[in-house]
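Participant: Below you'll find the structure I mean.
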Protein chains: 4
Amino acid sequence: MKALIYNGPEQKSFEDRPTPAIKMPTDAVVRITKTTICGTDLHILKGDVATCRPGTVLGHEGVGVVDSVGPAVSTFKPGDRVLISCITACGRCEPCRKGMYSHCITGGWVLGNVIDGTQAEFVRIPHADTSLHPIPQGADEEALVMLSDILPTGFECGVLNGKVEVGGSVAIVGSGPIGLAALLTAQFYSPSQIIMIDLDDNRLAVAKRFGATDTVNSSDGNAAQLVMKLTEGRGVDTAIEAVGIPATFTLCEDIVAAGGTIANVGVHGSKVDLHLERLWSHNITITTRLVDTVSIPMLLKSLQSKRIDAKQLITHRYRLDQILQAYDTFGSAADTKALKVIIEA
Amino acid sequence: MKALIYNGPEQKSFEDRPTPAIKMPTDAVVRITKTTICGTDLHILKGDVATCRPGTVLGHEGVGVVDSVGPAVSTFKPGDRVLISCITACGRCEPCRKGMYSHCITGGWVLGNVIDGTQAEFVRIPHADTSLHPIPQGADEEALVMLSDILPTGFECGVLNGKVEVGGSVAIVGSGPIGLAALLTAQFYSPSQIIMIDLDDNRLAVAKRFGATDTVNSSDGNAAQLVMKLTEGRGVDTAIEAVGIPATFTLCEDIVAAGGTIANVGVHGSKVDLHLERLWSHNITITTRLVDTVSIPMLLKSLQSKRIDAKQLITHRYRLDQILQAYDTFGSAADTKALKVIIEA
Amino acid sequence: MKALIYNGPEQKSFEDRPTPAIKMPTDAVVRITKTTICGTDLHILKGDVATCRPGTVLGHEGVGVVDSVGPAVSTFKPGDRVLISCITACGRCEPCRKGMYSHCITGGWVLGNVIDGTQAEFVRIPHADTSLHPIPQGADEEALVMLSDILPTGFECGVLNGKVEVGGSVAIVGSGPIGLAALLTAQFYSPSQIIMIDLDDNRLAVAKRFGATDTVNSSDGNAAQLVMKLTEGRGVDTAIEAVGIPATFTLCEDIVAAGGTIANVGVHGSKVDLHLERLWSHNITITTRLVDTVSIPMLLKSLQSKRIDAKQLITHRYRLDQILQAYDTFGSAADTKALKVIIEA
Amino acid sequence: MKALIYNGPEQKSFEDRPTPAIKMPTDAVVRITKTTICGTDLHILKGDVATCRPGTVLGHEGVGVVDSVGPAVSTFKPGDRVLISCITACGRCEPCRKGMYSHCITGGWVLGNVIDGTQAEFVRIPHADTSLHPIPQGADEEALVMLSDILPTGFECGVLNGKVEVGGSVAIVGSGPIGLAALLTAQFYSPSQIIMIDLDDNRLAVAKRFGATDTVNSSDGNAAQLVMKLTEGRGVDTAIEAVGIPATFTLCEDIVAAGGTIANVGVHGSKVDLHLERLWSHNITITTRLVDTVSIPMLLKSLQSKRIDAKQLITHRYRLDQILQAYDTFGSAADTKALKVIIEA
């Protein structure tokens, strides 16, 4: 089969690979019909993710059709259309029983990281019963690709952890795909104010279209002051960090209201300053989370009932044999205005 | 009346002052019968608390008898025995309605800080209806002094914020009075493990007596490894920071389990490092809080029903005219082994 | 002043009354600008509410302008535009501190019940600081009248107690004003399904316009079967009882899913059957609540940010001197299709 | 092997049966070392449980040693010592993912009900990975038998659902094994008051020994008045129904405070009266639950750390070949004062 291979820092290729087979009784092999590229794939290609070794098929998102299942798989059979969770979970270890699938002892984020991923014609999915989701009759499969990772991440790490509340105020720092996923899912809870912060006016315009009540371009260094003004000096109840650098985390510390929450979504490469000399008495909460994808069933229902329009995130479409071109488009998002690119296998 | 006055950094005196009078219709004047000294009073005396100006009567804890009330006070009348909350709250502003009394717009921590405090024969209490608590018939008033600040602080900022759970594991960094208050109140929730960490073996021995299941002397720099070993490599569900310096916060980051919580109680004078490059994916929560004293009514009930023995915290007793000596004792706790000192007025 | 008086069962009059004056230091007198009639007022007029004695001015909803305040009122001054909560709360007793204002020891539902109410030119409001809400600049005061009682009731007793969740399923039994208030506020949480049940096709058509995803006319006795069919045999996560008779409560028992919640909003005149022989093992929750109006500040923000269109509930408008006619219209809602009637003073 | 067989109403026998074998890849066969008898077994023998057909081996509690496992079982291997949950759960269906194992689509309460149970030398356990728990080294296996059903039931259905809180007041109606299990586990949360109610003074004496702060003999019909007196007229925050008849449920309705919770644990054979004409405005919550046994891991930790003494519940011990005698003892508890009987296989 054809697959996109990580060959070490800055090196990738699209080449032939043996089709995966069932290894464990709980495995399924899925024929991919649609996949996509994640910002994390670009991190791997920069050499930032030590766990991912050269030779690995990238990709942890996608939908497809079950091709074969191990003898212990009871929920799925060949021919079933399935949504792949970016998180593999056994469903029975201590973290899984608490719903913390991201820390499954024999799973977690393994696809396109420590085992071969979804940017290929076929993928082997361990713990298939608890790592795949049945696709409802008549669902729009393109939209469903947004449920493998980006929407659960924006929702669980940003919105749920950030305790977004009816009537509350929210600021989202970073208007890239993940910030926009938080923006879309924050609206489930009808906050009265969602302030979107970014350096790029185009992305802020997209945010406005996606439902932001206010936008702030932070390039002049006055973002914190503007947010304080927009919130009558109180700051925001929820600040969602969706970038992953020290400056954006500091901005969150500057704008969170007493009693508020900073929900970190960004993947950080270095430590940040926590200003406890000021915040120790502010009754704030800071959260971190690797997505658990426990919200996929809910997101599926919300998609089916049209409470969310996930397809808005899709800007480009390619065939699997054009995947290198798809990477180029996604990798230069400032120019191409790419959010999520669909790759059809 | 006699009162303990802050005269600027490193300067205090015990001297005569005019007895306070009702200023606002919601005020009460309370004749103090018992008060105590808090670590925060020592901070003020070091010059660390900018809001407290020379000339202020120190102290924000105590019990007493209502001497007079303003015309708008409806819950208390002269002669009533009362417990003074260290937090003054109007009960009607937005933060108060959310139970965040510490951020009351016209209150918060004001006693012995921006207005005269309780280390005196009399004190004026603003918003008396919502800042005093009636003392139940037959209560031990010495024990009640522990409910003005130290027990609510350990409980709300450490135990509640730290989500201490039945069967869970807890580490408390710092075995001073506030860490011990967290230790005593953590036991309300029957965690299976409470590990106490300090540099001082005497304090760790006290912790053991107060219910710690394990103690770790952190002076050799191996505390994190020991805690990991005690928790079979998982780390603790709850890490309570009860010191207030960068090193102890870092220790909390090193020992918190995936999915766990760091509850900051310590008063910090400088920023700390937050290792998001490691913790971004650990599903952790960090909380800060200035005590709201919303738990005082519950603590009163627990004291009355003997679910907690607050008096264990009291090590020394003085008369008000011996308060300078009481400060000496409390200020050199390493030598005197002082925890809380009762000052009888 | 002119006022609508309850004169005993089935008897009311619109007549002259002395203008109320400040009695307690915490009182305010408010000049009513807009009020409305509640289903509860009709209950009183039927003689069903024993606490309301003949001679009482009816009404517990409205907006107005502060006319005078007692010496202990600090939040409001004459001339302030205010929203009146149907619940009077001291903010300092044990139930109030828990946010259970409806059970305030010296308040609760007293307006137009045990003391004179709002269907008059002036009303005395006890505990004014915690029983009135400032009206934001530029707010639509007609819409605000919906925040005195009906929207907080639908939201707190129905939606909050019913734990309406993103992606969840909701059935609301009763499509009168209170059921519609639950319908409007349920949408704050983006459930995937809201099934509205009533005997009257007109009301169901209104429900559809207000956002119901499905409607069921229960007049043929097959409502439960239809709801089970609409939910693929599972039943609903939340069943809101908004009628107040045994049959509608039983319907809720028949349609609630395992793990679901029945939130009672209706005012019941007799006991109901609880089928524990079937439900003991269904992991369900049943809740009751007299509205606490703790959600008024949130509803104000949601109204200001246009997350809810409260004015949809208003079908008729009258002047205060037409109030008897307004009662006729509201009292024969089946014919007049009245939901809420605004009475302008 | 030998097994206790239900032969239809009022008929049971201890006889030879074929040893069970693995049927599904996710099965395990466990050799029973210790089991016990539950009140539910007596219900079955009365003919009250329609799902249990003559010929079934009774019993749903116990500990043992894994004898064989299906090819899809990954957590356990032959020789492992295991605790058997009374609830069988696949861990992957919608109810299981929510932690509602009792409503597992292919499990739930099946042992000793719709499939053969644990009162035998061997038992087949479906979904073994998620229905068994490893026994920690050195654990007291007799105490662990209390974790199969009775302690999780008292805790989850009574204490957790009843929202027992630090400083709160609790009444438990019924001082049989299940009420006592609620009593033991309620103490995890340090309520200030636990009032035990029963008709039998012996059982109340046991309750006192187990930690009840007050006991009320309800045989004279004045229980409600006594509870109101003990709670200064407020009623209790939590009322736990641990009997299962209309009168005891009504008692709970009479003693629950405004804002409180009635947690039903009892298995009811007929409907009860719900007095909504009085309770509609009392802000109460009523819950039902079939135990999910999600608390077993926590209870294991609490047992190991000696936060609970489960063995107090054990009053009698028999060998498996004495099981008919054990039934006699357990079935006449009023005379024998039996709580739980251990049956050693």
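By convention in this document, the chains of the structure tokens carry letters A, B, ... by their order, each chain's residues are numbered from 1, and ligands are numbered from 1 in the order they are shown.
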Neighbours of Thr250 (chain A) within 9 Å (only C-alpha atoms; same-chain residues fewer than 4 positions away dropped), as a PyMOL selection string?

Facilitator: chain A and resi 245-246+254-255+272-275

Participant: Could you pull the residues within 10 Å of Glu142 (chain A), counting only C-alpha atoms, minus those fewer than 5 positions along the same chain, as a PDB file with N, CA, C and O atoms, in the first residue's frame?

Facilitator:
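The result, written out as out.pdb:
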```
ATOM      1  N   THR A  33     -10.504   5.890   4.247  1.00  0.00           N
ATOM      2  CA  THR A  33     -11.157   6.579   3.120  1.00  0.00           C
ATOM      3  C   THR A  33     -10.834   8.074   3.136  1.00  0.00           C
ATOM      4  O   THR A  33     -10.725   8.691   2.085  1.00  0.00           O
ATOM      5  N   LYS A  34     -10.689   8.635   4.321  1.00  0.00           N
ATOM      6  CA  LYS A  34     -10.337  10.057   4.442  1.00  0.00           C
ATOM      7  C   LYS A  34      -9.442  10.250   5.655  1.00  0.00           C
ATOM      8  O   LYS A  34      -9.717   9.721   6.720  1.00  0.00           O
ATOM      9  N   THR A  35      -8.388  11.049   5.469  1.00  0.00           N
ATOM     10  CA  THR A  35      -7.534  11.395   6.601  1.00  0.00           C
ATOM     11  C   THR A  35      -7.197  12.877   6.495  1.00  0.00           C
ATOM     12  O   THR A  35      -7.746  13.588   5.638  1.00  0.00           O
ATOM     13  N   THR A  36      -6.325  13.349   7.393  1.00  0.00           N
ATOM     14  CA  THR A  36      -5.957  14.763   7.360  1.00  0.00           C
ATOM     15  C   THR A  36      -4.583  14.915   8.015  1.00  0.00           C
ATOM     16  O   THR A  36      -4.001  13.935   8.477  1.00  0.00           O
ATOM     17  N   GLY A  62      -8.826  10.214  10.960  1.00  0.00           N
ATOM     18  CA  GLY A  62      -9.373   9.650   9.748  1.00  0.00           C
ATOM     19  C   GLY A  62     -10.636   8.837   9.946  1.00  0.00           C
ATOM     20  O   GLY A  62     -11.035   8.510  11.071  1.00  0.00           O
ATOM     21  N   VAL A  63     -11.274   8.526   8.829  1.00  0.00           N
ATOM     22  CA  VAL A  63     -12.420   7.620   8.794  1.00  0.00           C
ATOM     23  C   VAL A  63     -12.107   6.535   7.771  1.00  0.00           C
ATOM     24  O   VAL A  63     -11.236   6.709   6.909  1.00  0.00           O
ATOM     25  N   LEU A 147     -13.577  14.956  13.934  1.00  0.00           N
ATOM     26  CA  LEU A 147     -13.861  14.393  15.256  1.00  0.00           C
ATOM     27  C   LEU A 147     -12.776  13.432  15.749  1.00  0.00           C
ATOM     28  O   LEU A 147     -12.825  12.953  16.885  1.00  0.00           O
ATOM     29  N   ALA A 310     -18.935  21.338  11.592  1.00  0.00           N
ATOM     30  CA  ALA A 310     -17.510  21.002  11.641  1.00  0.00           C
ATOM     31  C   ALA A 310     -16.819  21.240  10.307  1.00  0.00           C
ATOM     32  O   ALA A 310     -15.610  21.479  10.252  1.00  0.00           O
ATOM     33  N   LYS A 311     -17.580  21.190   9.216  1.00  0.00           N
ATOM     34  CA  LYS A 311     -16.960  21.301   7.888  1.00  0.00           C
ATOM     35  C   LYS A 311     -16.374  22.684   7.611  1.00  0.00           C
ATOM     36  O   LYS A 311     -15.547  22.846   6.707  1.00  0.00           O
ATOM     37  N   ILE A 314     -12.670  22.858   7.122  1.00  0.00           N
ATOM     38  CA  ILE A 314     -11.991  22.267   5.951  1.00  0.00           C
ATOM     39  C   ILE A 314     -11.826  23.308   4.847  1.00  0.00           C
ATOM     40  O   ILE A 314     -12.802  23.879   4.371  1.00  0.00           O
ATOM     41  N   ARG A 317      -8.775  20.159  -0.252  1.00  0.00           N
ATOM     42  CA  ARG A 317      -9.001  18.717  -0.441  1.00  0.00           C
ATOM     43  C   ARG A 317      -7.966  18.154  -1.427  1.00  0.00           C
ATOM     44  O   ARG A 317      -7.705  18.768  -2.467  1.00  0.00           O
ATOM     45  N   ILE A 342      -8.405  17.925   3.740  1.00  0.00           N
ATOM     46  CA  ILE A 342      -8.906  16.545   3.670  1.00  0.00           C
ATOM     47  C   ILE A 342      -8.092  15.783   2.615  1.00  0.00           C
ATOM     48  O   ILE A 342      -7.870  16.301   1.509  1.00  0.00           O
ATOM     49  N   ILE A 343      -7.664  14.585   2.989  1.00  0.00           N
ATOM     50  CA  ILE A 343      -6.933  13.728   2.056  1.00  0.00           C
ATOM     51  C   ILE A 343      -7.762  12.471   1.838  1.00  0.00           C
ATOM     52  O   ILE A 343      -8.039  11.731   2.786  1.00  0.00           O
ATOM     53  N   GLU A 344      -8.161  12.289   0.569  1.00  0.00           N
ATOM     54  CA  GLU A 344      -9.057  11.195   0.245  1.00  0.00           C
ATOM     55  C   GLU A 344      -8.256  10.000  -0.237  1.00  0.00           C
ATOM     56  O   GLU A 344      -7.465  10.131  -1.167  1.00  0.00           O
TER      57      GLU A 344
END
```

Participant: Between A:Arg203, A:Lys306, A:Lys163, A:Lys340, which is the closest to chain C once you count only C-alpha atoms?

Facilitator: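 Of all the options, A:Lys306 lies closest to chain C.
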
Participant: Residues near region 12-24 of chain A, anyone? I mean within 10 Å using only C-alpha atoms, not counting same-chain ones fewer than 2 positions away, as a PyMOL selection string.

Facilitator: (chain A and resi 1-10+26-31+45+54-58+67-73+116+119-127+320-324) or (chain D and resi 72)

Participant: Based on DSSP run over this structure's backbone, return all residues of region 3-84 of chain C in helix (DSSP H, G or I), as a ChimeraX atom specification.

Facilitator: /C:39-45

Participant: Write the residues of the preceding selection, restricted to N, CA and C atoms, as a PDB file, in the first residue's frame.

Facilitator:
```pdb
ATOM      1  N   GLY C  39     -48.872  32.383  36.347  1.00  0.00           N
ATOM      2  CA  GLY C  39     -49.810  31.299  36.614  1.00  0.00           C
ATOM      3  C   GLY C  39     -50.102  31.164  38.099  1.00  0.00           C
ATOM      4  N   THR C  40     -49.111  31.482  38.923  1.00  0.00           N
ATOM      5  CA  THR C  40     -49.295  31.394  40.368  1.00  0.00           C
ATOM      6  C   THR C  40     -50.347  32.387  40.854  1.00  0.00           C
ATOM      7  N   ASP C  41     -50.437  33.541  40.201  1.00  0.00           N
ATOM      8  CA  ASP C  41     -51.476  34.510  40.584  1.00  0.00           C
ATOM      9  C   ASP C  41     -52.864  33.887  40.375  1.00  0.00           C
ATOM     10  N   LEU C  42     -53.007  33.106  39.303  1.00  0.00           N
ATOM     11  CA  LEU C  42     -54.289  32.432  39.076  1.00  0.00           C
ATOM     12  C   LEU C  42     -54.546  31.373  40.147  1.00  0.00           C
ATOM     13  N   HIS C  43     -53.482  30.682  40.555  1.00  0.00           N
ATOM     14  CA  HIS C  43     -53.620  29.720  41.658  1.00  0.00           C
ATOM     15  C   HIS C  43     -54.134  30.409  42.921  1.00  0.00           C
ATOM     16  N   ILE C  44     -53.535  31.564  43.237  1.00  0.00           N
ATOM     17  CA  ILE C  44     -53.976  32.311  44.421  1.00  0.00           C
ATOM     18  C   ILE C  44     -55.462  32.637  44.294  1.00  0.00           C
ATOM     19  N   LEU C  45     -55.843  33.106  43.114  1.00  0.00           N
ATOM     20  CA  LEU C  45     -57.237  33.517  42.910  1.00  0.00           C
ATOM     21  C   LEU C  45     -58.208  32.341  42.979  1.00  0.00           C
TER      22      LEU C  45
END
```

Participant: Any idea what's packed within 12 Å of Leu199 (chain B), counting only C-alpha atoms, ignoring anything in its chain fewer than 5 positions away? Could you give it as a PyMOL selection string?

Facilitator: chain B and resi 173-176+204-205+215-223+243+248+334

Participant: Now that the selection is made, can you save its residues with C-alpha atoms as a PDB file, in the first residue's frame?

Facilitator:
```pdb
ATOM      1  CA  VAL B 173       4.839  20.120  51.095  1.00  0.00           C
ATOM      2  CA  GLY B 174       5.486  22.084  54.274  1.00  0.00           C
ATOM      3  CA  SER B 175       4.615  20.892  57.745  1.00  0.00           C
ATOM      4  CA  GLY B 176       4.200  24.296  59.379  1.00  0.00           C
ATOM      5  CA  LEU B 204       7.414  15.706  60.611  1.00  0.00           C
ATOM      6  CA  ALA B 205       7.005  13.975  63.962  1.00  0.00           C
ATOM      7  CA  THR B 215       6.772  11.540  56.169  1.00  0.00           C
ATOM      8  CA  VAL B 216       9.647  12.616  53.963  1.00  0.00           C
ATOM      9  CA  ASN B 217      12.531  14.827  55.047  1.00  0.00           C
ATOM     10  CA  SER B 218      13.376  16.809  51.913  1.00  0.00           C
ATOM     11  CA  SER B 219      16.720  18.172  53.099  1.00  0.00           C
ATOM     12  CA  ASP B 220      18.745  15.716  51.023  1.00  0.00           C
ATOM     13  CA  GLY B 221      17.105  16.636  47.724  1.00  0.00           C
ATOM     14  CA  ASN B 222      15.571  13.198  47.184  1.00  0.00           C
ATOM     15  CA  ALA B 223      12.017  14.005  48.216  1.00  0.00           C
ATOM     16  CA  VAL B 243       5.485  26.904  51.815  1.00  0.00           C
ATOM     17  CA  THR B 248       8.607  23.675  46.848  1.00  0.00           C
ATOM     18  CA  ALA B 334      12.195  26.168  64.767  1.00  0.00           C
TER      19      ALA B 334
END
```

Participant: Would you mind listing what lies within 12 Å of Ile296 (chain D) as a VMD selection string, with only C-alpha atoms counted and same-chain residues fewer than 6 positions away left out?

Facilitator: (chain A and resid 94 97) or (chain B and resid 166 to 167) or (chain D and resid 83 to 87 130 to 135 144 to 156 302 to 303)

Participant: Excluding same-chain residues fewer than 4 positions from His60 (chain B), what lies within 7 Å of it counting only C-alpha atoms, as a list of chain:residue names?

Facilitator: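 The neighbour list is B:Cys86, B:Leu111, B:Gly112, B:Gly117, B:Thr118.
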
Participant: Just checking: using only C-alpha atoms, which residue out of C:Thr287, C:Thr106, C:Ser192, C:Thr213 ends up closest to chain D?

Facilitator: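 Comparing C:Thr287, C:Thr106, C:Ser192, C:Thr213 against chain D, the winner is C:Thr287.
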
Participant: Identify every residue of chain B that has at least one atom within 10 Å of any atom of chain A, counting only C-alpha atoms, and report the result as JSON, numbers by chain.

Facilitator: {"B": [95, 98, 100, 102, 103, 157, 161, 244, 245, 246, 249, 258, 259, 261, 262, 263, 264, 265, 266, 267, 268, 269, 270, 271, 272, 273, 274, 275, 276, 277, 278, 279, 280, 281, 282, 283, 284, 285, 286, 287, 288, 289, 290, 291, 292]}

Participant: Can you tell me how far CA of Val65 (chain D) sits from CA of Ile32 (chain D), in Å to one decimal?

Facilitator: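 Between these atoms lies a distance of 6.6 Å.
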